[in-house]
Amino acid sequence: ISMKNNFLPRTSLLVILLGFATIKSNAQTKNFSATISLKNNSTLPYIAKVVEVDWKLIENTTEKIDTSKLIVVDPITKKQVGFQLETFGTTSIVNLLLQVDMQPNQSKQFLITYGTREVFATKTFGRYVPERKEDFAWENDKIAFRMYGKELEKTPKEMAYGMDVWVKKTDRMILNERYKRGEYHIDHGDGMDYYHVGFTLGAGNMAPYIDDSIYYSKNYNGYKLLDNGPLRTSFQLMYDEWTVGTKNVKSTKTITLDAGSQLNKITAQYSNYSDSGINVLAGIILRKGNGVKYLDAVNGIASYWEPEHGKDGITGVACIINNPLTILEEKKGQILLKTTTDKNHTITYYSGAVWNKAGSITNATMWNDYVINFKQQLSTSLEIKVAKK
């Protein structure tokens with residue numbers, strides 16, 4: 001517009017400029033639409049499974065995506081589906097996460113587009129708890145856990161090394177409520193903490209071992225929250241250097257818990273260690289009484305259905321290690337799964353728990369079946385395609 005010989009009223013000029021702004025805005029936020037296609041080519045059912053869709057596959061369908069307007073829709077029901085944009089502690093999106101049920105050989109599609117996003121329930125959550133001696137606690141809609149911080153070392157009578165379990169029978173996030181009440185050893189209708197860890201690996205922690213000795217680290221002394229729901233919570237715990245045999249070792253553990261899962265994914269990375277690999281073990285504390293054990297060294301599975309703990313109920317605990325096991329044994333009051341890290345001193349494994357009073361898994365056979373199916377799914381994956389609509 002030339003205004004050399006034409007003087008427009010200020011109001012007219014404002015309308016024109018606003019018109020340009022509207023055109024520019026519409027160009028930037030033009031509608032976007034793509035289809036995610038999933039297919040389960042395996043013979044295994046996926047129930048409430050969190051699926052990772054590589055964000056690059058989605059980015060390749062358009063020039064620019066306004067993530068603030070992004071929604072996911074089930075094209076059959078026309079209803080929105082909850083999702084999460086996973087960053088894994090970076091400034092970039094790594095995956096779009098969806099939670100799905102998929103029967104063997106079943107296919108499903110989801111539509112990604114723009115719209116007004118509905119509010120969905122948070123199914124995973126974790127946080128640093130400075131008010132309770134520096135715990136780090138996390139949960140999903142099935143179960144909850146915690147690891148102990150350095151502050152606990154100042155009270156030797158309470159000191160513990162391993163992973164703790166907080167059983168729950170609600171899909172709500174309850175950690176903050178329990179810490180606020182300060183009575184988490186009492187069941188107020190949503191579960192409780194009756195699991196005992198002590199000087200053991202508890203419900204599946206990991207430690208180095210040399211010459212038949214377990215070298216426990218002390219409690220974590222730093223953390224980094226990577227993602228925090230609604231479908232996946234991931235974080236790192238950093239441990240001070242400690243002596244393993246004749247060498248000093250440091251460790252970082254990256255823990256991931258998905259919605260709908262009883263088991264955590266844990267990656268332990270050890271540093272300051274010159275050998276090609278380091279011997280490590282994961283452990284589950286044993287209880288007095290007649291618990292039910294399922295030990296499969298070939299497939300790296302240890303499942304334990306504890307003896308009933310009075311009116312508190314029964315906790316099932318399990319560990320899965322994909323690496324070949326050197327030993328799977330009961331020793332020093334624990335089930336021990338021994339293996340070796342890779343040459344980068346890193347190992348990924350899975351551990352977690354269930355409570356019979358939650359109602360979904362109520363006996364040892366059901367727990368063993370769940371753990372075995374979980375292990376089998378580690379070697380399968382959904383076929384995922386993304387196409388512009």
# chains A, B, ... in the order shown; residues from 1 in each chain; ligands from 1
>>> select_by_dssp(residues="range 127-271 of chain A", states="strand (DSSP E)", output="number ranges by chain")
A: 127-129, 135-140, 144-147, 164-168, 191-192, 203-210, 213-214, 222-228, 232-244, 247-258, 263-271
>>> residues_around(residues="range 321-324 of chain A", least_positions_apart="5", cutoff="7 Å", atoms="only C-alpha atoms", output="ChimeraX atom specification")
/A:300-301,339,349-350
>>> write_last_selection(atoms="all heavy atoms", output="compact mmCIF listing (two decimals), in the first residue's frame")
# COMPACT_ATOMS: atom_id res chain seq x y z
N GLY A 300 16.31 -65.04 31.82
CA GLY A 300 16.64 -63.91 32.69
C GLY A 300 15.48 -63.39 33.51
O GLY A 300 15.34 -62.18 33.72
N ILE A 301 14.64 -64.30 34.00
CA ILE A 301 13.44 -63.90 34.74
C ILE A 301 13.50 -64.40 36.18
O ILE A 301 13.80 -65.57 36.43
CB ILE A 301 12.16 -64.45 34.08
CG1 ILE A 301 11.99 -63.88 32.67
CG2 ILE A 301 10.93 -64.15 34.93
CD1 ILE A 301 10.84 -64.50 31.91
N THR A 339 25.00 -60.83 36.13
CA THR A 339 25.35 -60.69 34.72
C THR A 339 26.49 -59.70 34.60
O THR A 339 27.11 -59.33 35.61
CB THR A 339 24.12 -60.24 33.90
OG1 THR A 339 24.44 -60.28 32.51
CG2 THR A 339 23.67 -58.85 34.29
N TYR A 349 17.69 -53.18 32.33
CA TYR A 349 16.90 -54.29 32.83
C TYR A 349 15.55 -53.76 33.31
O TYR A 349 15.26 -52.55 33.18
CB TYR A 349 17.63 -55.04 33.94
CG TYR A 349 17.75 -54.29 35.25
CD1 TYR A 349 16.99 -54.65 36.35
CD2 TYR A 349 18.64 -53.23 35.41
CE1 TYR A 349 17.09 -53.98 37.56
CE2 TYR A 349 18.75 -52.55 36.61
CZ TYR A 349 17.97 -52.93 37.68
OH TYR A 349 18.07 -52.26 38.87
N TYR A 350 14.71 -54.64 33.85
CA TYR A 350 13.35 -54.26 34.23
C TYR A 350 13.04 -54.83 35.62
O TYR A 350 13.38 -55.98 35.91
CB TYR A 350 12.34 -54.79 33.21
CG TYR A 350 12.60 -54.28 31.82
CD1 TYR A 350 13.57 -54.88 31.01
CD2 TYR A 350 11.92 -53.17 31.32
CE1 TYR A 350 13.84 -54.39 29.75
CE2 TYR A 350 12.19 -52.67 30.06
CZ TYR A 350 13.16 -53.28 29.28
OH TYR A 350 13.44 -52.78 28.03
>>> residues_around(residues="Ser381 in chain A", least_positions_apart="4", cutoff="8 Å", atoms="only C-alpha atoms", output="short mmCIF file (atom, residue, chain, number, x, y, z; two decimals) with N, CA and C atoms, in the first residue's frame")
data_model
loop_
_atom_site.label_atom_id
_atom_site.label_comp_id
_atom_site.auth_asym_id
_atom_site.auth_seq_id
_atom_site.Cartn_x
_atom_site.Cartn_y
_atom_site.Cartn_z
N ASN A 40 0.03 -54.81 14.86
CA ASN A 40 0.65 -55.80 15.74
C ASN A 40 0.86 -57.08 14.95
N SER A 42 2.76 -59.50 15.86
CA SER A 42 3.15 -60.59 16.76
C SER A 42 1.94 -61.42 17.17
N GLN A 377 7.35 -59.55 25.12
CA GLN A 377 7.10 -58.32 24.36
C GLN A 377 8.36 -57.50 24.13
#
>>> closest_residue(among="A:Ile210, A:Val72, A:Ala268, A:Leu226", to="Asp342 in chain A", atoms="only C-alpha atoms")
A:Ala268
>>> closest_atom_pairs(of="range 149-184 of chain A", to="range 354-357 of chain A", cutoff="9 Å", atoms="only C-alpha atoms", output="tab-separated table")
residue	atom	partner	partner_atom	distance
A:Val165	CA	A:Val354	CA	8.9
A:Val167	CA	A:Trp355	CA	5.9
A:Lys168	CA	A:Trp355	CA	7.2
A:Lys169	CA	A:Lys357	CA	6.6
>>> closest_residue(among="A:Ala144, A:Thr243, A:Ser276, A:Gly149", to="Tyr184 in chain A", atoms="only C-alpha atoms")
A:Ala144
>>> select_by_dssp(residues="range 45-282 of chain A", states="alpha helix (DSSP H)", output="VMD selection string")
chain A and resid 55 to 59 175 to 181
>>> write_last_selection(atoms="N, CA and C atoms", output="tab-separated table (two decimals), in the first residue's frame")
chain	number	residue	atom	x	y	z
A	55	TRP	N	9.11	-38.86	16.55
A	55	TRP	CA	8.63	-37.53	16.19
A	55	TRP	C	9.10	-37.11	14.79
A	56	LYS	N	10.24	-37.61	14.36
A	56	LYS	CA	10.74	-37.27	13.02
A	56	LYS	C	9.79	-37.77	11.94
A	57	LEU	N	9.13	-38.92	12.16
A	57	LEU	CA	8.16	-39.41	11.20
A	57	LEU	C	7.00	-38.44	11.04
A	58	ILE	N	6.62	-37.81	12.14
A	58	ILE	CA	5.53	-36.84	12.11
A	58	ILE	C	5.99	-35.54	11.48
A	59	GLU	N	7.19	-35.08	11.87
A	59	GLU	CA	7.73	-33.84	11.30
A	59	GLU	C	7.88	-33.92	9.79
A	175	LEU	N	0.93	-40.02	45.55
A	175	LEU	CA	2.16	-39.78	46.32
A	175	LEU	C	2.08	-38.50	47.16
A	176	ASN	N	1.65	-37.42	46.55
A	176	ASN	CA	1.61	-36.16	47.30
A	176	ASN	C	0.66	-36.25	48.49
A	177	GLU	N	-0.47	-36.92	48.30
A	177	GLU	CA	-1.41	-37.07	49.41
A	177	GLU	C	-0.79	-37.86	50.56
A	178	ARG	N	-0.08	-38.93	50.22
A	178	ARG	CA	0.51	-39.76	51.28
A	178	ARG	C	1.61	-39.02	52.04
A	179	TYR	N	2.46	-38.30	51.31
A	179	TYR	CA	3.51	-37.55	52.00
A	179	TYR	C	2.91	-36.45	52.86
A	180	LYS	N	1.86	-35.82	52.38
A	180	LYS	CA	1.22	-34.75	53.17
A	180	LYS	C	0.60	-35.30	54.44
A	181	ARG	N	-0.04	-36.48	54.33
A	181	ARG	CA	-0.63	-37.10	55.53
A	181	ARG	C	0.44	-37.56	56.49
>>> closest_residue(among="A:Ile372, A:Leu201, A:Ile320, A:Val100", to="Tyr46 in chain A", atoms="only C-alpha atoms")
A:Val100
>>> residues_around(residues="Lys218 in chain A", least_positions_apart="4", cutoff="10 Å", atoms="only C-alpha atoms", output="list in words")
Tyr148, Gly149, Lys150, Glu153, Met159, Ala160, Tyr161, Gly162, Tyr239, Asp240, Glu241 and Trp242 of chain A
>>> write_last_selection(atoms="all heavy atoms", output="mmCIF file, in the first residue's frame")
data_model
loop_
_atom_site.group_PDB
_atom_site.id
_atom_site.type_symbol
_atom_site.label_atom_id
_atom_site.label_comp_id
_atom_site.auth_asym_id
_atom_site.auth_seq_id
_atom_site.Cartn_x
_atom_site.Cartn_y
_atom_site.Cartn_z
ATOM 1 N N TYR A 148 15.975 -43.905 48.066
ATOM 2 C CA TYR A 148 16.324 -43.105 49.228
ATOM 3 C C TYR A 148 17.479 -42.156 48.928
ATOM 4 O O TYR A 148 18.421 -42.499 48.209
ATOM 5 C CB TYR A 148 16.695 -44.023 50.395
ATOM 6 C CG TYR A 148 15.587 -44.975 50.775
ATOM 7 C CD1 TYR A 148 15.669 -46.328 50.446
ATOM 8 C CD2 TYR A 148 14.459 -44.525 51.454
ATOM 9 C CE1 TYR A 148 14.651 -47.212 50.787
ATOM 10 C CE2 TYR A 148 13.437 -45.410 51.808
ATOM 11 C CZ TYR A 148 13.537 -46.741 51.468
ATOM 12 O OH TYR A 148 12.532 -47.612 51.790
ATOM 13 N N GLY A 149 17.403 -40.955 49.526
ATOM 14 C CA GLY A 149 18.413 -39.934 49.325
ATOM 15 C C GLY A 149 19.451 -39.895 50.434
ATOM 16 O O GLY A 149 19.383 -40.634 51.427
ATOM 17 N N LYS A 150 20.439 -39.002 50.271
ATOM 18 C CA LYS A 150 21.573 -38.918 51.200
ATOM 19 C C LYS A 150 21.136 -38.560 52.622
ATOM 20 O O LYS A 150 21.763 -38.970 53.588
ATOM 21 C CB LYS A 150 22.582 -37.882 50.703
ATOM 22 C CG LYS A 150 23.230 -38.211 49.367
ATOM 23 C CD LYS A 150 24.065 -39.477 49.440
ATOM 24 C CE LYS A 150 25.370 -39.258 50.179
ATOM 25 N NZ LYS A 150 26.236 -40.453 50.120
ATOM 26 N N GLU A 153 20.859 -41.198 55.283
ATOM 27 C CA GLU A 153 22.077 -41.774 55.858
ATOM 28 C C GLU A 153 22.399 -41.194 57.233
ATOM 29 O O GLU A 153 23.176 -41.768 57.987
ATOM 30 C CB GLU A 153 23.250 -41.564 54.905
ATOM 31 C CG GLU A 153 23.098 -42.325 53.577
ATOM 32 C CD GLU A 153 24.208 -42.014 52.596
ATOM 33 O OE1 GLU A 153 25.218 -41.398 53.012
ATOM 34 O OE2 GLU A 153 24.081 -42.364 51.410
ATOM 35 N N MET A 159 18.185 -46.463 57.669
ATOM 36 C CA MET A 159 18.967 -46.560 56.445
ATOM 37 C C MET A 159 18.572 -47.779 55.620
ATOM 38 O O MET A 159 18.327 -48.870 56.144
ATOM 39 C CB MET A 159 20.458 -46.608 56.799
ATOM 40 C CG MET A 159 21.384 -46.696 55.601
ATOM 41 S SD MET A 159 21.180 -45.359 54.448
ATOM 42 C CE MET A 159 22.389 -45.798 53.208
ATOM 43 N N ALA A 160 18.488 -47.604 54.294
ATOM 44 C CA ALA A 160 18.157 -48.688 53.363
ATOM 45 C C ALA A 160 18.819 -48.391 52.025
ATOM 46 O O ALA A 160 19.065 -47.238 51.681
ATOM 47 C CB ALA A 160 16.655 -48.817 53.209
ATOM 48 N N TYR A 161 19.109 -49.455 51.272
ATOM 49 C CA TYR A 161 19.816 -49.316 49.996
ATOM 50 C C TYR A 161 18.919 -49.496 48.774
ATOM 51 O O TYR A 161 19.155 -48.913 47.729
ATOM 52 C CB TYR A 161 20.924 -50.380 49.890
ATOM 53 C CG TYR A 161 22.055 -50.252 50.860
ATOM 54 C CD1 TYR A 161 22.615 -51.377 51.441
ATOM 55 C CD2 TYR A 161 22.584 -49.009 51.183
ATOM 56 C CE1 TYR A 161 23.680 -51.289 52.329
ATOM 57 C CE2 TYR A 161 23.651 -48.902 52.075
ATOM 58 C CZ TYR A 161 24.197 -50.048 52.640
ATOM 59 O OH TYR A 161 25.243 -49.950 53.516
ATOM 60 N N GLY A 162 17.944 -50.373 48.878
ATOM 61 C CA GLY A 162 17.261 -50.863 47.686
ATOM 62 C C GLY A 162 16.077 -50.036 47.243
ATOM 63 O O GLY A 162 15.812 -48.937 47.737
ATOM 64 N N TYR A 239 24.836 -41.185 41.716
ATOM 65 C CA TYR A 239 25.416 -41.719 42.957
ATOM 66 C C TYR A 239 26.873 -41.298 43.089
ATOM 67 O O TYR A 239 27.627 -41.314 42.100
ATOM 68 C CB TYR A 239 25.317 -43.251 42.960
ATOM 69 C CG TYR A 239 23.899 -43.742 43.044
ATOM 70 C CD1 TYR A 239 23.091 -43.784 41.907
ATOM 71 C CD2 TYR A 239 23.346 -44.149 44.257
ATOM 72 C CE1 TYR A 239 21.780 -44.227 41.972
ATOM 73 C CE2 TYR A 239 22.043 -44.597 44.334
ATOM 74 C CZ TYR A 239 21.254 -44.625 43.182
ATOM 75 O OH TYR A 239 19.950 -45.048 43.253
ATOM 76 N N ASP A 240 27.260 -40.940 44.317
ATOM 77 C CA ASP A 240 28.649 -40.582 44.595
ATOM 78 C C ASP A 240 29.569 -41.781 44.369
ATOM 79 O O ASP A 240 29.144 -42.939 44.463
ATOM 80 C CB ASP A 240 28.796 -40.091 46.037
ATOM 81 C CG ASP A 240 28.169 -38.728 46.242
ATOM 82 O OD1 ASP A 240 27.959 -38.006 45.250
ATOM 83 O OD2 ASP A 240 27.875 -38.394 47.414
ATOM 84 N N GLU A 241 30.812 -41.477 44.129
ATOM 85 C CA GLU A 241 31.818 -42.520 43.929
ATOM 86 C C GLU A 241 31.951 -43.397 45.174
ATOM 87 O O GLU A 241 31.896 -42.923 46.305
ATOM 88 C CB GLU A 241 33.154 -41.837 43.624
ATOM 89 C CG GLU A 241 34.269 -42.771 43.220
ATOM 90 C CD GLU A 241 35.511 -41.987 42.815
ATOM 91 O OE1 GLU A 241 36.274 -41.584 43.722
ATOM 92 O OE2 GLU A 241 35.707 -41.756 41.607
ATOM 93 N N TRP A 242 32.068 -44.711 44.933
ATOM 94 C CA TRP A 242 32.320 -45.637 46.044
ATOM 95 C C TRP A 242 33.277 -46.725 45.576
ATOM 96 O O TRP A 242 33.538 -46.869 44.374
ATOM 97 C CB TRP A 242 31.012 -46.205 46.596
ATOM 98 C CG TRP A 242 30.351 -47.311 45.830
ATOM 99 C CD1 TRP A 242 30.366 -48.642 46.130
ATOM 100 C CD2 TRP A 242 29.544 -47.213 44.649
ATOM 101 N NE1 TRP A 242 29.632 -49.364 45.229
ATOM 102 C CE2 TRP A 242 29.112 -48.503 44.302
ATOM 103 C CE3 TRP A 242 29.157 -46.144 43.829
ATOM 104 C CZ2 TRP A 242 28.308 -48.772 43.193
ATOM 105 C CZ3 TRP A 242 28.354 -46.390 42.729
ATOM 106 C CH2 TRP A 242 27.947 -47.693 42.413
#
>>> closest_residue(among="A:Thr77, A:Tyr114, A:Val53, A:Thr170", to="Phe32 in chain A", atoms="only C-alpha atoms")
A:Tyr114
>>> atom_distance(atom1="CA of Lys69 in chain A", atom2="CA of Asn31 in chain A")
9.8 Å
>>> closest_residue(among="A:Thr61, A:Asn41, A:Pro75, A:Gly316", to="Met366 in chain A", atoms="only C-alpha atoms")
A:Gly316
>>> residues_around(residues="Trp367 in chain A", least_positions_apart="5", cutoff="9 Å", atoms="only C-alpha atoms", output="ChimeraX atom specification")
/A:303-305,316-318,354,361-362,372
>>> closest_residue(among="A:Gln334, A:Ile36, A:Asn95, A:Thr326", to="Val298 in chain A", atoms="only C-alpha atoms")
A:Thr326
